[in-house]
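K.L.:
Please find one structure pasted underneath; my questions will follow.
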Amino acid sequence: MKGILLVEPEKCTLCKACELACSLVKAKECNPTKSRMGVVRMFEIGLNIPVVCRQCTKPLCADVCPTGAIVRNEETGAMVVDTDICVGCQMCTIVCPLAGISMDPSGGVAMKCDLCNGDPMCVKNCSYGAIDFLPVSEAAFKKRREAILKLSKALETIVE
Amino acid sequence: MEFGGYAGEILFVDLSKGSFWKEKTDNLDLKRFIGGYSINCRLAYDLIHPAVDPLSPENAIIVGAGPMVGTSAPVSSKISLMTKYPMTGTITNGSVGGLFGLQMKWAGYDHIVVTGRAKNPVYIKILDDDIEICEATLLWGKDVFETTDMLWEKYGGDSGVMAIGKAGEKMVYTTIALVEKMSSIGKGGLGAVMGSKNLKALVVKGTKGVKVQDPERLQKLTLEFHHTVKADPNHQFLIDMGTMAGFDAWAKVQGFSTKNWTEKLPVEEAYRLYGPDIYEKRIRYRRISCPTCPVGCKDHVKLRIGPDSGLETFVSSFYGRVENWAARCRVGSYELNVKCQDFANRTGLCTHSITALIDWAVDLYKKGIITKEDTGGLELSWDFETTWVLINQIAEKEGLGKILGKGYLGAIEEIGRGCEEYAVHVKGIETLYDPRLNRLSSAEFAQVTNPRGGHPAIGVTTNYMTRDRPAHEFQKWCEKTGVSEEAIKRIFPNQNYFNVGKLTKYAEDWWGALSNSIGLGCGGHRVEKFLGAQLFSDLFTAVTGIETTPSELRVWGERAFNLCKVLNVRAGFSRKDDKFPPHWFEPIWVEGKEIKLEDYFRNPLNSQDCERLLDDYYEERGWDLKKGIPTKETLKRLKLDDVIPGIG
């Protein structure tokens with residue numbers, strides 16, 4: 001399926017199920033340093049923030065890659081690293097503004113989220129709905145609904 | 001390593017010598033002691049002398065993470081920590097979740113053993129193979145939150161941290177350590193033990209990860225599990241409310257004991273001051289979860305009104321704090337409740353212990369057993385003012401607080417004057433569940449038999465905090481968790497009864513010992529219905545490669561529990577210490593009526609009945625009835641021949 005990863009930090013509880021699921025499916029071990037995505041603890045602003053590649057429409061990583069190793073999978077919409085072609089120059093990790101791509105600790109090549117061929121494991125393992133995968137237009141609907149729910153809760157408090 | 005899930009090494013740190021070394025986990029007898037709690041006990045048999053002074057350099061802190069910890073297996077974050085506790089003299093395991101255990105495994109360690117005493121304040125840094133005993137001059141004197149923040153600043157917000165506060169530095173007995181600011185470990189004085197070693201904190205982070213035997217199977221089982229949990233109609237409620245999901249059961253059905261265990265907090269007051277709606281609007285801020293758990297229950301709370309508006313803190317087991325500050329101390333509002341809890345968090349005090357002791361102290365004052373001479377002129381009442389003064393005194397080791405900070409046994413010795421009559425504790429630890437309100441089920445009974453003391457974590461089978469569930473539901477739990485047919489016949493002599501003495505053994509072996517040995521499951525009982533015994537067993541096999549069944553897993557649990565008991569028999573504990581608090585045989589006042597002790601099926605119980613149930617417990621365990629300790633035959637049956645000298 002083609003879609004986007006919708007992240008809702010206020011639902012994230014830092015349970016790390018996403019990171020563990022990702023590293024298990026991609027690297028066959030339970031190791032967050034080999035996960036293609038991760039959660040950042042920010043208690044000081046009362047949030048935990050899942051960080052994952054945004055699969056940009058105009059991907060800076062692909063633009064800067066000297067060997068053309070980062071290519072769009074048209075079915076899923078994901079930018080995928082061809083590890084046979086990647087020379088490990090790390091230019092992609094320098095230009096990405098959102099930490100969507102990093103170097104594989106075991107390989108010397110770049111690693112990034114490939115949306116698990118259209119059925120992301122992180123989404124399936126998240127019990128809190130903090131990360132979801134859905135078509136672009138459905139994502140907009142969902143966010144609108146969540147926004148209204150939040151607004152109505154706030155209005156309840158004010159009215160009371 | 002022959003089996004998956006294990007990190008491979010045990011780290012030993014000697015703070016006196018300032019040295020550390022490693023041994024291979026393979027050299028331990030994994031076929032007898034599967035990990036975590038179990039290996040902690042076997043290490044303690046050699047390393048913690050039964051007569052050791054808990055605050056001496058010779059006491060050891062043994063941290064153990066079972067093979068499941070650090071994997072994606074659901075509810076696999078809990079580690080065990082064993083030491084000799086100053087408040088009780090028991091040598092037992094506590095358990096705690098959070099990130100610490102996972103990082104410890106990812107750094108390469110199944111166990112960490114700390115002995116000795118550093119000359120100056122230190123913290124232990126463990127970053128894969130980069131081990132260092134670091135100077136903690138900048139941390140000493142700082143509270144738990146500041147300490148944790150400083151360590152996160154230095155080593156990254158994803159490192160595991162276990163830290164003590166000022167009260168632990170001063171070696172107050174009623175202290176704990178906190179993992180990542182919110183998960184408590186070590187009721188009975190771990191804070192004091194670490195303080196006595198000049199050990200402010202441990203920080204751990206690893207990049208090695210954990211390898212499992214069958215990644216595809218683990219992936220599939222974990223995914224199925226998450227799917228089941230998400231499909232449960234109650235799931236969102238459990239997440240939204242955290243541990244407050246149980247508030248109705250506590251306030252209405254079970255009840256919070258108050259006025260030193262003589263009354264039940266009026267239901268009206270419980271709802272008016274502490275109802276779930278108030279929690280939602282004025283207190284709750286964010287839900288936080290232990291790693292791998294789908295029904296996270298930890299709270300990031302923030303006050304919205306009052307003089308402390310804006311105060312933020314972190315709380316585990318929030319409903320438990322409501323009980324503690326609200327019912328025992330009658331602080332009078334949610335905001336004051338959270339204010340007190342924040343103080344306890346930052347100073348590293350154990351809320352369960354200090355609230356129980358304050359409740360008792362106020363009762364003693366009202367009875368004239370202690371007077372203004374003991375309190376330094378302060379009039380003691382069940383209110384916020386008294387509570388605030390006393391918790392400050394306990395943290396600073398001043399005044400009456402200095403005495404209370406020793407726990408029941410120390411305070412009883414110092415106060416004398418018959419104060420013991422009003423102290424509700426087992427082996428020096430306050431009880432949590434009041435069986436007169438809850439009825440005597442295995443959770444309440446286990447407070448008496450737990451080698452640790454009145455700490456309640458291990459006695460639940462199923463139907464946590466419910467009443468009037470049919471006996472066959474408990475029987476089903478036993479069947480599913482591999483209890484033998486013969487045992488089931490003994491526990492359930494007919495369709496409408498269970499023998500709580502016999503049943504408790506099976507709870508203790510499963511939740512107390514097995515769960516904490518392999519590092520799977522949580523005594524919080526929120527996931528129990530999702531994490532059934534067969535899934536438990538399958539997950540264990542997927543990670544370790546060891547083919548097994550619930551009944552075989554049980555043997556590991558039973559062995560570990562017996563070994564823990566042997567450690568304490570060597571330290572002088574026996575039947576005389578498995579003592580039902582005399583208070584339980586007094587009636588409790590509930591809305592103008594007297595309620596007396598009954599079992600789960602409403603049969604009245606007196607102290608002779610309870611002693612008979614204790615006989616039944618020992619018999620089911622294969623222990624000596626008179627002494628209340630394991631027999632040689634039982635230890636042999638459990639392949640614990642090498643520790644038979646421990647029972648004398």
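Order determines the names: the first chain of the structure tokens is A, the second B, and so forth; residues in each chain are numbered 1 upward, and ligands are numbered 1 upward as they are shown.
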When you get a sec, could you note down which chain A residues fall within 12 Å of chain B, using only C-alpha atoms, as an MDAnalysis selection string?

P.N.:
chainID A and resid 9:35 38:48 104:106 120:130 153:154 156:158 160

K.L.:
Would you output that residue set with C-alpha atoms, as a tab-separated table (two decimals), in the first residue's frame?

P.N.:
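Result file is result-v6.tsv:
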chain	number	residue	atom	x	y	z
A	9	PRO	CA	3.82	12.08	19.76
A	10	GLU	CA	1.27	12.74	22.49
A	11	LYS	CA	0.23	9.09	22.27
A	12	CYS	CA	3.76	7.72	22.46
A	13	THR	CA	4.66	6.14	25.80
A	14	LEU	CA	8.31	5.30	25.06
A	15	CYS	CA	7.59	1.57	25.07
A	16	LYS	CA	10.16	0.98	22.29
A	17	ALA	CA	8.07	-1.79	20.71
A	18	CYS	CA	8.53	-0.03	17.36
A	19	GLU	CA	12.33	0.07	17.57
A	20	LEU	CA	12.54	-3.53	18.67
A	21	ALA	CA	10.14	-4.72	15.95
A	22	CYS	CA	12.12	-2.81	13.31
A	23	SER	CA	15.52	-4.14	14.32
A	24	LEU	CA	14.13	-7.65	14.65
A	25	VAL	CA	12.63	-7.70	11.16
A	26	LYS	CA	15.49	-5.86	9.46
A	27	ALA	CA	18.58	-7.03	11.33
A	28	LYS	CA	17.28	-10.26	12.90
A	29	GLU	CA	18.25	-9.11	16.38
A	30	CYS	CA	16.74	-7.00	19.14
A	31	ASN	CA	18.90	-3.89	19.00
A	32	PRO	CA	17.62	-0.31	18.77
A	33	THR	CA	20.92	0.84	17.23
A	34	LYS	CA	19.92	-1.25	14.21
A	35	SER	CA	16.39	0.06	14.09
A	38	GLY	CA	13.54	5.62	17.07
A	39	VAL	CA	11.80	7.46	19.84
A	40	VAL	CA	13.32	10.46	21.56
A	41	ARG	CA	12.45	11.02	25.21
A	42	MET	CA	11.52	14.63	25.90
A	43	PHE	CA	9.95	14.61	29.36
A	44	GLU	CA	10.74	18.30	29.71
A	45	ILE	CA	8.09	19.11	27.12
A	46	GLY	CA	5.93	16.19	28.18
A	47	LEU	CA	6.39	14.23	24.99
A	48	ASN	CA	8.11	11.25	23.50
A	104	ASP	CA	24.14	0.77	9.76
A	105	PRO	CA	26.38	-0.07	12.76
A	106	SER	CA	27.06	-3.52	11.35
A	120	PRO	CA	5.29	-1.31	8.38
A	121	MET	CA	6.18	-3.43	11.42
A	122	CYS	CA	6.51	-0.48	13.75
A	123	VAL	CA	2.89	0.44	13.12
A	124	LYS	CA	1.69	-3.10	13.71
A	125	ASN	CA	3.55	-3.34	17.00
A	126	CYS	CA	2.52	0.02	18.42
A	127	SER	CA	-0.19	-0.51	21.04
A	128	TYR	CA	-0.76	3.19	21.54
A	129	GLY	CA	-1.55	4.41	18.05
A	130	ALA	CA	1.41	6.77	18.14
A	153	LYS	CA	-12.14	18.41	25.52
A	154	ALA	CA	-10.63	21.85	25.96
A	156	GLU	CA	-15.53	21.20	28.06
A	157	THR	CA	-13.02	22.45	30.57
A	158	ILE	CA	-13.59	26.12	29.71
A	160	GLU	CA	-17.23	24.10	33.15

K.L.:
Compare B:Tyr365, B:Tyr433, B:Phe536, B:Phe492 by their minimum atom-to-atom distance to B:Gln254, counting only C-alpha atoms, and give me the closest one.

P.N.:
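Looking at the shortest contact to B:Gln254, the residue is B:Tyr433.
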
K.L.:
For stretch 399-404 of chain B, list every protein, DNA or RNA residue within 10 Å, evaluated using only C-alpha atoms, and leave out those in the same chain fewer than 3 positions away; present the list as a compact mmCIF listing (two decimals) with C-alpha atoms, in the first residue's frame.

P.N.:
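Once written, part16.txt looks like this:
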# COMPACT_ATOMS: atom_id res chain seq x y z
CA VAL B 172 17.66 6.06 55.91
CA TYR B 173 16.19 2.53 55.84
CA THR B 174 12.86 3.45 54.28
CA SER B 353 6.81 2.39 53.99
CA ILE B 354 6.77 6.01 55.12
CA ALA B 356 2.39 3.25 56.83
CA LEU B 357 4.83 4.36 59.50
CA ILE B 358 3.30 7.84 59.70
CA TRP B 360 1.09 4.18 62.85
CA ALA B 361 2.86 7.10 64.54
CA ILE B 370 4.13 8.68 72.17
CA GLU B 373 8.17 14.91 74.03
CA ASP B 374 8.77 12.36 71.26
CA THR B 375 7.43 14.63 68.53
CA GLY B 376 9.39 17.70 69.54
CA LEU B 378 4.38 18.72 67.22
CA VAL B 389 6.78 17.61 58.69
CA LEU B 390 7.35 13.89 59.20
CA ILE B 391 8.44 13.06 55.65
CA ASN B 392 10.94 15.91 55.82
CA GLN B 393 12.19 14.60 59.15
CA ILE B 394 12.48 11.07 57.77
CA ALA B 395 14.52 12.33 54.80
CA GLU B 396 16.78 14.40 57.03
CA GLY B 407 11.23 0.96 59.62
CA TYR B 408 8.96 -0.95 61.96
CA LEU B 409 11.55 -3.21 63.58
CA GLY B 410 13.96 -0.38 64.38
CA ALA B 411 11.23 2.00 65.49
CA ILE B 412 9.58 -0.61 67.71
CA GLU B 413 12.89 -1.28 69.40
CA GLU B 414 13.54 2.39 69.98
CA ILE B 415 10.05 3.44 71.06

K.L.:
Among stretch 374-591 of chain B, which ones does DSSP assign to helix (DSSP H, G or I) (computed from the backbone)? Answer as a PyMOL selection string.

P.N.:
chain B and resi 374-375+384-396+399-404+407-415+419-422+435-438+442-449+471-480+485-491+500-518+533-544+550-570+575-577+582-585

K.L.:
For atom CA of B:Gly141 and atom CA of B:Thr92, quote the distance in Å rounded to one decimal.

P.N.:
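Atom CA of B:Gly141 sits 28.1 Å away from atom CA of B:Thr92.
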
K.L.:
Report the closest atom pair, with its distance in Å rounded to one decimal, for each residue of stretch 115-159 of chain B that has an atom no farther than 12 Å from stretch 41-63 of chain B; count only C-alpha atoms, sort by chain and then rising residue number, and write it as a Markdown table.

P.N.:
| residue | atom | partner | partner_atom | distance |
| --- | --- | --- | --- | --- |
| B:Thr115 | CA | B:Ala60 | CA | 4.7 |
| B:Gly116 | CA | B:Pro57 | CA | 4.0 |
| B:Arg117 | CA | B:Pro57 | CA | 4.9 |
| B:Ala118 | CA | B:Pro57 | CA | 8.7 |
| B:Lys119 | CA | B:Pro57 | CA | 10.8 |

K.L.:
If you keep C-alpha atoms, can you produce a file of those selected residues as a PDB file, in the first residue's frame?

P.N.:
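Contents of result_17.pdb, freshly written:
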ATOM      1  CA  THR B 115      30.366  -5.190  46.349  1.00  0.00           C
ATOM      2  CA  GLY B 116      32.572  -3.105  48.610  1.00  0.00           C
ATOM      3  CA  ARG B 117      32.413   0.537  49.467  1.00  0.00           C
ATOM      4  CA  ALA B 118      33.890   3.422  47.504  1.00  0.00           C
ATOM      5  CA  LYS B 119      36.035   5.923  49.413  1.00  0.00           C
TER       6      LYS B 119
END

K.L.:
Neighbours of B:Lys626 within 12 Å (only C-alpha atoms; same-chain residues fewer than 6 positions away dropped), as a ChimeraX atom specification?

P.N.:
/B:574-576,578,611-612,614-616,618-619

K.L.:
Go ahead and dump the residues you just picked, N, CA and C atoms, as a compact mmCIF listing (two decimals), in the first residue's frame.

P.N.:
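The file below, part-v6.txt, is the result:
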# COMPACT_ATOMS: atom_id res chain seq x y z
N SER B 574 12.18 -18.28 60.02
CA SER B 574 11.46 -19.56 60.09
C SER B 574 9.97 -19.27 60.31
N ARG B 575 9.23 -20.30 60.72
CA ARG B 575 7.79 -20.14 60.87
C ARG B 575 7.41 -18.97 61.77
N LYS B 576 8.22 -18.74 62.79
CA LYS B 576 7.89 -17.67 63.73
C LYS B 576 7.78 -16.31 63.03
N ASP B 578 6.69 -16.00 59.80
CA ASP B 578 5.52 -16.01 58.91
C ASP B 578 4.29 -15.76 59.78
N GLU B 611 -3.51 -20.43 61.05
CA GLU B 611 -2.34 -21.29 61.28
C GLU B 611 -2.49 -22.62 60.54
N ARG B 612 -3.73 -23.10 60.47
CA ARG B 612 -3.96 -24.35 59.74
C ARG B 612 -3.71 -24.14 58.25
N LEU B 614 -1.66 -22.04 57.06
CA LEU B 614 -0.20 -21.96 56.94
C LEU B 614 0.41 -23.37 56.92
N ASP B 615 -0.13 -24.25 57.77
CA ASP B 615 0.28 -25.67 57.71
C ASP B 615 0.07 -26.22 56.31
N ASP B 616 -1.09 -25.91 55.73
CA ASP B 616 -1.41 -26.41 54.39
C ASP B 616 -0.41 -25.88 53.36
N TYR B 618 2.76 -24.96 53.94
CA TYR B 618 4.05 -25.64 54.12
C TYR B 618 3.98 -27.07 53.58
N GLU B 619 2.84 -27.71 53.82
CA GLU B 619 2.69 -29.08 53.36
C GLU B 619 2.74 -29.14 51.85

K.L.:
Smallest atom-to-atom distance to A:Glu75: which of A:Asp114, A:Arg36, A:Leu151, A:Glu8, using only C-alpha atoms?

P.N.:
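So, comparing all the options, the nearest one is A:Asp114.
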